[in-house]
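Engineer: Please find input-v7.txt (compact mmCIF, C-alpha atoms) on the next line:
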# COMPACT_ATOMS: atom_id res chain seq x y z
CA MET A 1 105.64 76.69 87.26
CA GLN A 2 108.53 79.15 87.22
CA GLN A 3 106.59 81.86 89.06
CA THR A 4 106.24 79.58 92.10
CA GLU A 5 109.85 78.37 91.65
CA ILE A 6 108.60 74.80 92.20
CA ARG A 7 108.13 72.01 89.65
CA ALA A 8 104.69 70.43 89.61
CA SER A 9 104.75 66.65 90.18
CA LYS A 10 101.31 66.15 88.58
CA ARG A 11 99.05 68.17 86.31
CA TYR A 12 95.39 67.65 85.52
CA LYS A 13 93.28 69.38 82.87
CA PHE A 14 89.51 69.58 83.28
CA TYR A 15 86.51 71.80 82.64
CA ASN A 16 84.37 73.66 85.15
CA GLY A 17 81.34 74.00 82.91
CA LYS A 18 82.82 75.72 79.84
CA ILE A 19 85.82 77.10 81.74
CA ALA A 20 89.09 75.30 80.99
CA CYS A 21 91.01 74.64 84.23
CA GLN A 22 94.33 73.09 85.24
CA LEU A 23 95.24 71.58 88.60
CA TYR A 24 98.90 71.50 89.63
CA CYS A 25 100.12 69.27 92.45
CA PHE A 26 103.39 70.05 94.24
CA GLU A 27 105.68 68.08 96.52
CA LEU A 28 107.69 70.44 98.71
CA GLU A 29 111.02 68.67 98.41
CA GLU A 30 114.31 70.39 97.63
CA VAL A 31 114.77 68.47 94.40
CA ASN A 32 111.59 70.03 92.96
CA PHE A 33 112.70 73.65 93.43
CA PHE A 34 114.20 75.41 90.44
CA THR A 35 117.92 76.06 90.69
CA ARG A 36 118.95 79.56 89.73
CA GLU A 37 122.18 81.33 89.17
CA GLN A 38 123.04 82.62 92.64
CA ASP A 39 124.76 85.81 91.47
CA PRO A 40 122.76 87.83 88.89
CA ALA A 41 125.82 90.06 88.45
CA LYS A 42 127.43 87.23 86.49
CA ASN A 43 124.64 87.35 83.90
CA GLU A 44 125.72 89.94 81.30
CA ARG A 45 122.18 90.30 79.97
CA LEU A 46 121.02 91.58 83.37
CA ALA A 47 123.82 94.15 83.65
CA PRO A 48 121.77 97.09 82.22
CA LEU A 49 118.95 96.46 84.69
CA ILE A 50 121.32 96.10 87.62
CA ASN A 51 123.18 99.28 86.71
CA ARG A 52 119.97 101.25 86.20
CA LEU A 53 118.53 100.19 89.55
CA LYS A 54 121.75 101.06 91.37
CA LYS A 55 121.89 104.47 89.67
CA ASN A 56 118.21 105.18 90.42
CA ILE A 57 118.51 104.12 94.06
CA ALA A 58 121.51 106.42 94.55
CA LYS A 59 119.46 109.34 93.20
CA ALA A 60 116.42 108.34 95.26
CA ASP A 61 118.55 108.15 98.42
CA LYS A 62 119.77 111.69 97.82
CA LEU A 63 116.21 112.94 97.25
CA ALA A 64 114.95 111.08 100.33
CA ARG A 65 117.62 112.58 102.58
CA ARG A 66 117.04 116.09 101.25
CA ASP A 67 113.22 116.08 101.56
CA GLY A 68 112.70 113.67 104.45
CA LEU A 69 111.05 110.88 102.45
CA ASP A 70 110.52 107.28 103.55
CA ALA A 71 108.78 106.44 100.25
CA VAL A 72 110.22 107.09 96.79
CA ARG A 73 110.02 105.67 93.29
CA ILE A 74 113.21 103.84 92.35
CA TYR A 75 112.31 102.51 88.90
CA GLU A 76 109.86 103.86 86.31
CA HIS A 77 109.76 101.88 83.04
CA ASP A 78 113.39 102.85 82.46
CA LEU A 79 114.15 99.92 80.15
CA PRO A 80 111.54 98.95 77.50
CA GLU A 81 111.63 95.24 78.18
CA TYR A 82 111.07 95.73 81.91
CA SER A 83 107.76 97.57 81.90
CA PHE A 84 107.39 98.01 85.64
CA SER A 85 107.35 100.70 88.30
CA VAL A 86 108.99 100.10 91.68
CA ASP A 87 108.29 102.13 94.83
CA ARG A 88 110.32 101.82 98.01
CA TYR A 89 108.58 102.19 101.37
CA LEU A 90 111.32 102.11 104.02
CA ASN A 91 112.78 98.62 103.45
CA HIS A 92 109.79 97.27 101.48
CA TYR A 93 109.31 97.38 97.73
CA VAL A 94 106.09 97.51 95.72
CA ILE A 95 106.31 96.52 92.06
CA TYR A 96 103.55 97.65 89.72
CA GLU A 97 103.32 95.65 86.52
CA THR A 98 101.34 97.18 83.67
CA GLN A 99 99.37 94.97 81.32
CA ALA A 100 101.71 93.93 78.51
CA PRO A 101 100.77 94.52 74.83
CA LYS A 102 99.16 91.52 73.16
CA HIS A 103 102.12 90.95 70.84
CA ILE A 104 104.38 90.12 73.82
CA SER A 105 104.09 86.45 74.78
CA ASP A 106 103.21 85.33 78.30
CA ASN A 107 106.53 83.47 78.48
CA LYS A 108 108.45 86.67 77.78
CA VAL A 109 106.40 88.63 80.32
CA ASN A 110 107.01 85.95 82.94
CA GLN A 111 110.73 85.93 82.15
CA HIS A 112 111.04 89.71 82.58
CA ARG A 113 109.05 89.58 85.81
CA ARG A 114 111.32 86.89 87.27
CA GLU A 115 114.42 88.78 86.20
CA LEU A 116 113.25 92.02 87.80
CA LEU A 117 112.43 90.22 91.06
CA THR A 118 115.83 88.53 91.05
CA VAL A 119 117.74 91.73 90.31
CA LEU A 120 115.75 93.77 92.83
CA GLN A 121 116.57 91.25 95.56
CA HIS A 122 120.22 91.25 94.49
CA VAL A 123 120.60 95.04 94.45
CA THR A 124 118.58 95.86 97.59
CA GLN A 125 119.27 92.70 99.64
CA ALA A 126 115.56 92.61 100.43
CA SER A 127 113.89 89.35 101.37
CA LYS A 128 111.04 87.95 99.29
CA SER A 129 108.56 88.93 102.00
CA GLN A 130 109.66 92.57 101.60
CA ILE A 131 108.74 92.65 97.90
CA LEU A 132 105.14 92.90 96.71
CA LEU A 133 104.01 92.53 93.10
CA LYS A 134 100.81 94.22 91.87
CA THR A 135 99.29 94.41 88.42
CA ARG A 136 97.82 97.57 86.97
CA GLN A 137 95.33 97.03 84.18
CA LYS A 138 92.22 98.71 82.85
CA GLN A 139 89.82 98.94 85.76
CA LYS A 140 86.07 99.22 85.77
CA GLY A 141 84.18 101.18 88.38
CA THR A 142 86.05 101.36 91.66
CA ALA A 143 87.97 98.11 91.16
CA GLN A 144 91.28 99.84 91.87
CA TYR A 145 89.99 100.71 95.34
CA GLN A 146 88.68 97.24 96.21
CA LYS A 147 90.43 95.03 98.72
CA GLN A 148 92.91 92.48 97.38
CA ALA A 149 93.75 91.10 100.82
CA LYS A 150 92.56 91.50 104.40
CA THR A 151 95.74 91.72 106.44
CA GLY A 152 94.93 95.12 107.96
CA GLN A 153 98.68 95.62 108.36
CA ARG A 154 99.72 99.26 108.29
CA MET A 155 103.09 100.90 108.52
CA VAL A 156 104.00 104.55 109.13
CA ILE A 157 106.07 106.50 106.64
CA LYS A 158 107.42 110.03 106.86
CA GLU A 159 107.13 112.60 104.10
CA GLN A 160 108.38 116.16 104.29
CA GLY A 161 107.98 116.38 108.06
CA LEU A 162 104.60 114.61 108.22
CA GLN A 163 103.58 111.00 108.87
CA PHE A 164 101.11 108.73 107.08
CA TYR A 165 99.71 105.25 107.44
CA VAL A 166 100.18 103.02 104.39
CA ASN A 167 98.99 99.51 103.68
CA LEU A 168 101.15 97.73 101.12
CA THR A 169 99.11 94.55 100.81
CA ASP A 170 95.37 95.04 101.00
CA TYR A 171 94.69 97.36 98.05
CA LEU A 172 96.12 98.08 94.62
CA ASP A 173 97.21 101.50 95.91
CA THR A 174 98.94 101.91 99.24
CA GLY A 175 97.08 104.86 100.77
CA ILE A 176 99.28 107.66 99.45
CA PHE A 177 99.93 108.79 95.88
CA LEU A 178 103.67 109.42 95.80
CA ASP A 179 103.50 111.41 92.56
CA HIS A 180 101.33 114.05 94.32
CA ARG A 181 104.10 114.88 96.79
CA LEU A 182 104.85 118.33 95.31
CA ILE A 183 101.15 119.14 94.91
CA ARG A 184 100.66 118.44 98.62
CA GLU A 185 103.57 120.72 99.48
CA ARG A 186 102.20 123.44 97.20
CA ILE A 187 98.87 123.30 99.03
CA ARG A 188 100.55 123.42 102.45
CA LYS A 189 102.16 126.73 101.44
CA LEU A 190 98.88 128.15 100.07
CA VAL A 191 96.40 127.54 102.87
CA LYS A 192 97.56 129.45 105.96
CA GLY A 193 94.49 131.08 107.48
CA LYS A 194 92.31 129.91 104.59
CA THR A 195 89.44 127.45 104.17
CA PHE A 196 90.27 124.26 102.29
CA LEU A 197 88.12 121.68 100.44
CA ASN A 198 89.47 118.25 99.48
CA LEU A 199 87.20 116.44 96.99
CA PHE A 200 87.60 112.69 96.36
CA CYS A 201 89.88 112.93 99.39
CA TYR A 202 90.96 109.24 99.51
CA THR A 203 93.00 108.77 102.73
CA GLY A 204 93.32 112.49 103.34
CA ALA A 205 97.05 113.01 102.74
CA VAL A 206 96.35 116.42 101.19
CA THR A 207 94.08 117.30 104.11
CA VAL A 208 96.93 116.53 106.50
CA TYR A 209 99.20 118.89 104.56
CA ALA A 210 96.51 121.59 104.63
CA ALA A 211 96.01 121.16 108.37
CA ALA A 212 99.78 121.29 108.92
CA GLY A 213 99.84 124.45 106.78
CA GLN A 214 97.45 126.07 109.29
CA ALA A 215 94.31 126.14 107.16
CA SER A 216 91.55 127.77 109.20
CA GLU A 217 89.29 124.80 108.48
CA THR A 218 89.14 121.84 106.10
CA THR A 219 86.35 119.77 104.54
CA SER A 220 87.14 116.35 103.06
CA VAL A 221 84.57 114.52 100.92
CA ASP A 222 84.65 110.88 99.81
CA MET A 223 82.19 108.00 99.37
CA SER A 224 84.26 105.50 101.38
CA ASN A 225 84.00 105.17 105.15
CA THR A 226 87.22 103.17 105.07
CA TYR A 227 89.17 106.01 103.53
CA LEU A 228 87.53 108.72 105.62
CA ASN A 229 88.47 106.83 108.80
CA TRP A 230 91.98 106.37 107.39
CA ALA A 231 92.14 110.14 106.82
CA LYS A 232 91.09 110.81 110.42
CA ASP A 233 93.79 108.41 111.62
CA ASN A 234 96.38 110.31 109.55
CA LEU A 235 95.35 113.57 111.25
CA LYS A 236 95.66 111.97 114.69
CA LEU A 237 99.03 110.50 113.75
CA ASN A 238 100.31 114.03 113.15
CA HIS A 239 98.72 115.38 116.37
CA LEU A 240 96.53 117.78 114.40
CA ALA A 241 93.41 119.02 116.18
CA ALA A 242 90.25 117.52 114.71
CA ASN A 243 87.73 120.19 115.70
CA GLN A 244 88.22 122.36 112.59
CA HIS A 245 88.32 119.41 110.16
CA GLN A 246 85.07 118.05 108.72
CA PHE A 247 84.71 114.70 106.94
CA VAL A 248 81.72 114.04 104.68
CA LYS A 249 80.69 110.63 103.30
CA GLN A 250 78.92 111.44 100.04
CA ASP A 251 79.23 111.40 96.27
CA CYS A 252 81.30 114.52 95.51
CA VAL A 253 79.22 115.41 92.45
CA LYS A 254 75.99 115.34 94.48
CA TRP A 255 77.63 117.17 97.39
CA LEU A 256 78.81 120.00 95.11
CA THR A 257 75.27 120.47 93.81
CA ASN A 258 73.94 121.10 97.33
CA ASN A 259 76.92 122.89 98.87
CA LYS A 260 76.46 126.56 99.82
CA GLN A 261 79.83 127.25 101.46
CA LEU A 262 82.69 128.96 99.58
CA TYR A 263 86.31 127.88 100.01
CA ASP A 264 89.62 129.65 99.47
CA VAL A 265 91.56 126.62 98.22
CA ILE A 266 90.08 123.48 96.63
CA PHE A 267 91.86 120.30 95.58
CA LEU A 268 90.07 118.17 92.97
CA ASP A 269 91.62 114.82 92.05
CA PRO A 270 88.80 112.58 90.77
CA PRO A 271 89.18 109.00 89.53
CA SER A 272 89.55 108.59 85.78
CA PHE A 273 86.40 106.49 85.75
CA SER A 274 83.89 105.42 88.39
CA ASN A 275 80.51 103.76 88.35
CA SER A 276 80.12 103.20 92.08
CA LYS A 277 76.65 102.23 93.28
CA SER A 278 76.79 105.27 95.57
CA MET A 279 76.78 107.58 92.54
CA ASP A 280 73.71 108.62 90.56
CA LYS A 281 75.60 108.06 87.31
CA HIS A 282 79.06 106.96 86.24
CA LEU A 283 81.94 109.42 86.06
CA ASP A 284 84.28 109.58 83.06
CA ILE A 285 86.77 112.32 83.77
CA GLN A 286 87.53 113.11 80.13
CA ALA A 287 83.86 113.44 79.21
CA ASP A 288 82.68 114.97 82.49
CA HIS A 289 85.53 117.17 83.68
CA GLU A 290 84.15 120.39 82.18
CA SER A 291 80.89 120.23 84.14
CA LEU A 292 82.64 118.88 87.25
CA ILE A 293 85.16 121.73 87.30
CA ALA A 294 82.48 124.33 86.56
CA ASN A 295 80.41 123.02 89.49
CA THR A 296 83.48 123.03 91.72
CA MET A 297 84.20 126.65 90.80
CA ASN A 298 80.77 127.51 92.23
CA SER A 299 82.20 126.53 95.64
CA LEU A 300 85.35 128.65 95.21
CA ASN A 301 85.74 132.17 96.56
CA ARG A 302 86.23 134.91 93.93
CA ASP A 303 89.92 135.23 94.81
CA GLY A 304 90.40 131.52 95.55
CA VAL A 305 92.28 128.83 93.64
CA LEU A 306 91.26 125.34 92.48
CA ILE A 307 94.03 122.81 91.95
CA PHE A 308 92.81 120.13 89.55
CA SER A 309 94.79 116.95 88.91
CA THR A 310 94.16 113.82 86.87
CA ASN A 311 96.25 110.81 85.91
CA ARG A 312 94.05 110.01 82.90
CA LYS A 313 96.40 109.10 80.05
CA GLY A 314 95.97 111.40 77.03
CA PHE A 315 93.73 113.79 78.98
CA LYS A 316 92.79 117.05 77.21
CA LEU A 317 91.46 120.05 79.11
CA SER A 318 88.28 121.57 77.70
CA GLU A 319 88.72 124.72 75.59
CA ASN A 320 85.62 126.19 77.27
CA LEU A 321 87.39 126.08 80.63
CA LEU A 322 90.34 127.94 79.16
CA GLU A 323 87.99 130.64 77.90
CA ASN A 324 85.84 130.96 81.03
CA PHE A 325 88.52 130.84 83.74
CA GLN A 326 92.13 131.77 84.38
CA VAL A 327 94.00 128.50 83.88
CA GLN A 328 97.68 127.84 84.55
CA ASP A 329 99.24 124.54 83.54
CA LEU A 330 101.59 123.57 86.36
CA GLY A 331 103.30 120.96 84.19
CA GLN A 332 106.62 119.63 85.47
CA SER A 333 106.55 121.85 88.58
CA THR A 334 104.34 119.28 90.36
CA ILE A 335 106.33 116.21 89.32
CA SER A 336 109.17 115.11 91.58
CA HIS A 337 112.48 113.96 90.11
CA ASP A 338 111.82 110.31 90.94
CA PHE A 339 108.82 110.35 88.54
CA ARG A 340 110.43 111.97 85.50
CA ALA A 341 111.91 108.91 83.78
CA HIS A 342 108.68 107.95 82.00
CA ARG A 343 105.57 109.81 80.84
CA PRO A 344 104.21 112.31 83.40
CA PRO A 345 102.18 110.44 86.06
CA HIS A 346 99.55 113.20 86.21
CA HIS A 347 98.36 116.48 84.72
CA CYS A 348 97.80 119.46 87.00
CA TRP A 349 96.34 122.95 86.63
CA GLU A 350 95.58 125.94 88.83
CA ILE A 351 92.17 127.40 87.96
CA ARG A 352 90.88 130.78 89.14
CA HIS A 353 87.85 132.93 88.44
CA SER A 354 88.30 135.46 85.67
CA SER A 355 88.75 139.07 86.77
Kindly return the structure encoded in the file as structure tokens.
Structural biologist:
Amino acid sequence: MQQTEIRASKRYKFYNGKIACQLYCFELEEVNFFTREQDPAKNERLAPLINRLKKNIAKADKLARRDGLDAVRIYEHDLPEYSFSVDRYLNHYVIYETQAPKHISDNKVNQHRRELLTVLQHVTQASKSQILLKTRQKQKGTAQYQKQAKTGQRMVIKEQGLQFYVNLTDYLDTGIFLDHRLIRERIRKLVKGKTFLNLFCYTGAVTVYAAAGQASETTSVDMSNTYLNWAKDNLKLNHLAANQHQFVKQDCVKWLTNNKQLYDVIFLDPPSFSNSKSMDKHLDIQADHESLIANTMNSLNRDGVLIFSTNRKGFKLSENLLENFQVQDLGQSTISHDFRAHRPPHHCWEIRHSS
């Protein structure tokens, strides 16, 4: 039981119906805890990981000071054997572990996980309670948005002069997508005196940026009351007046069909896949993005701009959209330096009506 760092005193195998189960019994005595090398720096095999983390943290510290960031990515699949991402939120660290390929044994995966945890503690001097481990794997429906815990514990982070509530424990994601940082800033600079629509708004970080950028009014649409209330809290946290900001609990696809208002700036960042019970049908962004974007453009002023983003791996934009609208691939311009070590975390385009 190396993940628990305690040896089991007894083990029992049994079946729950057809499900094979194992019961481990532990005695919390010092003799049963695994002994580990106290100084990872003495392990030559860990030297590349230690050096990479130190180098990345130095770069992240420089970026954080320059842009006023409490949350940055400090490791992004830099070394092949350590297939993890690590985000720092003040003095807390969130590790995202991607599902390993089938040809890599569980023992090897567990070994690499333990080594990363050990090295991260060594380099950052963080306690175990300040490090959280989460697993990213193929999700169905809205599984990535479902609660994993019920602590309700939130902390406040600063980003580019604004503040946001994050929750590091209760969900797979924390309440803010760090890789969208430059997109949010781009929108803040675009919206002064303009109307803004935020579809699939999540916790409203982009809405906060738009409000801070003096948008004349904003509309934020999402199916989750939890996230809409979180978005309202983020506005209050930044002392932004609520009277010109509207929040709508509804399926974005259905809302677009009935909407009659036109907006100057629209942000569209849908999930890669969703089959929520609140939706009339499931959403697959690769298959459905052409119709979704076309419907969204019906809510855009003639001289307005739609910013569309997706983190769907291998995503391809429809050729019909390229023919029917003015499309600009924003590419690397929306990806901050702390996210450039691995494949791009998202794709992003500006889409406008043709002349």
Engineer: Around the point (102.3, 106.4, 93.6) in the file's coordinates, collect all residues with an atom within 12 Å, using all atoms listed in the file, and return them as an mmCIF file with C-alpha atoms, keeping the file's coordinate frame.
Structural biologist:
data_model
loop_
_atom_site.group_PDB
_atom_site.id
_atom_site.type_symbol
_atom_site.label_atom_id
_atom_site.label_comp_id
_atom_site.auth_asym_id
_atom_site.auth_seq_id
_atom_site.Cartn_x
_atom_site.Cartn_y
_atom_site.Cartn_z
ATOM 1 C CA ALA A 71 108.780 106.440 100.250
ATOM 2 C CA VAL A 72 110.220 107.090 96.790
ATOM 3 C CA ARG A 73 110.020 105.670 93.290
ATOM 4 C CA ILE A 74 113.210 103.840 92.350
ATOM 5 C CA TYR A 75 112.310 102.510 88.900
ATOM 6 C CA GLU A 76 109.860 103.860 86.310
ATOM 7 C CA SER A 85 107.350 100.700 88.300
ATOM 8 C CA VAL A 86 108.990 100.100 91.680
ATOM 9 C CA ASP A 87 108.290 102.130 94.830
ATOM 10 C CA ARG A 88 110.320 101.820 98.010
ATOM 11 C CA TYR A 89 108.580 102.190 101.370
ATOM 12 C CA VAL A 94 106.090 97.510 95.720
ATOM 13 C CA ILE A 95 106.310 96.520 92.060
ATOM 14 C CA TYR A 96 103.550 97.650 89.720
ATOM 15 C CA ARG A 136 97.820 97.570 86.970
ATOM 16 C CA VAL A 166 100.180 103.020 104.390
ATOM 17 C CA LEU A 168 101.150 97.730 101.120
ATOM 18 C CA LEU A 172 96.120 98.080 94.620
ATOM 19 C CA ASP A 173 97.210 101.500 95.910
ATOM 20 C CA THR A 174 98.940 101.910 99.240
ATOM 21 C CA GLY A 175 97.080 104.860 100.770
ATOM 22 C CA ILE A 176 99.280 107.660 99.450
ATOM 23 C CA PHE A 177 99.930 108.790 95.880
ATOM 24 C CA LEU A 178 103.670 109.420 95.800
ATOM 25 C CA ASP A 179 103.500 111.410 92.560
ATOM 26 C CA HIS A 180 101.330 114.050 94.320
ATOM 27 C CA ARG A 181 104.100 114.880 96.790
ATOM 28 C CA ASN A 311 96.250 110.810 85.910
ATOM 29 C CA ILE A 335 106.330 116.210 89.320
ATOM 30 C CA SER A 336 109.170 115.110 91.580
ATOM 31 C CA ASP A 338 111.820 110.310 90.940
ATOM 32 C CA PHE A 339 108.820 110.350 88.540
ATOM 33 C CA PRO A 344 104.210 112.310 83.400
ATOM 34 C CA PRO A 345 102.180 110.440 86.060
ATOM 35 C CA HIS A 346 99.550 113.200 86.210
#
Engineer: Report the closest atom pair, with its distance in Å rounded to one decimal, for each residue of region 286-324 of chain A that has an atom no farther than 12 Å from region 198-218 of chain A; count only C-alpha atoms, sort by chain and then rising residue number, and write it as CSV.
Structural biologist:
residue,atom,partner,partner_atom,distance
A:Leu292,CA,A:Leu199,CA,11.0
A:Ile293,CA,A:Leu199,CA,11.2
A:Thr296,CA,A:Leu199,CA,9.2
A:Ser299,CA,A:Leu199,CA,11.3
A:Leu300,CA,A:Asn198,CA,12.0
A:Leu306,CA,A:Asn198,CA,10.1
A:Ile307,CA,A:Asn198,CA,9.9
A:Phe308,CA,A:Leu199,CA,10.0
A:Ser309,CA,A:Leu199,CA,11.1
A:Thr310,CA,A:Phe200,CA,11.6
Engineer: When you count only C-alpha atoms, which of these residues is closest to Ile157 (chain A): A:Gln286, A:Asn225, A:Asn238, A:Gln130?
Structural biologist: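 Comparing A:Gln286, A:Asn225, A:Asn238, A:Gln130 against Ile157 (chain A), the winner is A:Asn238.
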Engineer: Which residue gives the smallest distance to Arg184 (chain A) among A:Phe267, A:Phe164, A:Tyr93, A:Trp255, with all atoms listed in the file counted?
Structural biologist: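 Closest to Arg184 (chain A), using all atoms listed in the file: A:Phe267.
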Engineer: May I ask which of the residues A:Leu182, A:Ile50, A:His103, A:Gln153 is the closest one to Thr124 (chain A), counting all atoms listed in the file?
Structural biologist: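 The closest residue to Thr124 (chain A) is A:Ile50.
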Engineer: Mind checking which residues fall within 9 Å of Gln332 (chain A), counting all atoms listed in the file, ignoring those fewer than 6 positions away in the same chain, and posting them as a short mmCIF file (atom, residue, chain, number, x, y, z; two decimals) with C-alpha atoms, in the frame of the given file?
Structural biologist:
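result_11.cif written:
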data_model
loop_
_atom_site.label_atom_id
_atom_site.label_comp_id
_atom_site.auth_asym_id
_atom_site.auth_seq_id
_atom_site.Cartn_x
_atom_site.Cartn_y
_atom_site.Cartn_z
CA ARG A 340 110.43 111.97 85.50
CA PRO A 344 104.21 112.31 83.40
CA HIS A 347 98.36 116.48 84.72
CA CYS A 348 97.80 119.46 87.00
#
Engineer: Find the distance between CA of Asp264 (chain A) and CA of Asn295 (chain A) and write it in Å to one decimal.
Structural biologist: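 Atom-to-atom, CA of Asp264 (chain A) to CA of Asn295 (chain A), that is 15.1 Å.
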Engineer: Between CA of Arg312 (chain A) and CA of Gln250 (chain A), what is the distance, to one decimal in Å?
Structural biologist: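 Atom-to-atom, CA of Arg312 (chain A) and CA of Gln250 (chain A) are spaced 22.9 Å apart.
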Engineer: Smallest atom-to-atom distance to Glu350 (chain A): which of A:Val265, A:Val119, A:Leu69, A:Ala294, using all atoms listed in the file?
Structural biologist: A:Val265
Engineer: So that I can see what lies close to Leu116 (chain A), please list as a PyMOL selection string the residues with an atom at most 9 Å from it, counting only C-alpha atoms and leaving out residues fewer than 6 positions away in the same chain.
Structural biologist: chain A and resi 46+49+82+84
Engineer: How many Å lie between CA of Thr169 (chain A) and CA of Pro48 (chain A), rounded to one decimal?
Structural biologist: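 For CA of Thr169 (chain A) relative to CA of Pro48 (chain A), the distance reads 29.4 Å.
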Engineer: Nearest to Leu330 (chain A): which of A:Lys249, A:Arg186, A:Lys62, A:Ile285 is it, counting all atoms listed in the file?
Structural biologist: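 Once distances to Leu330 (chain A) are computed over all atoms listed in the file, the minimum belongs to A:Arg186.
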Engineer: Choose the residue, out of A:Pro101, A:Val327, A:Gly17, A:Gly68, that has the smallest atom-to-atom separation from Gln160 (chain A); count all atoms listed in the file.
Structural biologist: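 With all atoms listed in the file as the atom set, the closest residue is A:Gly68.
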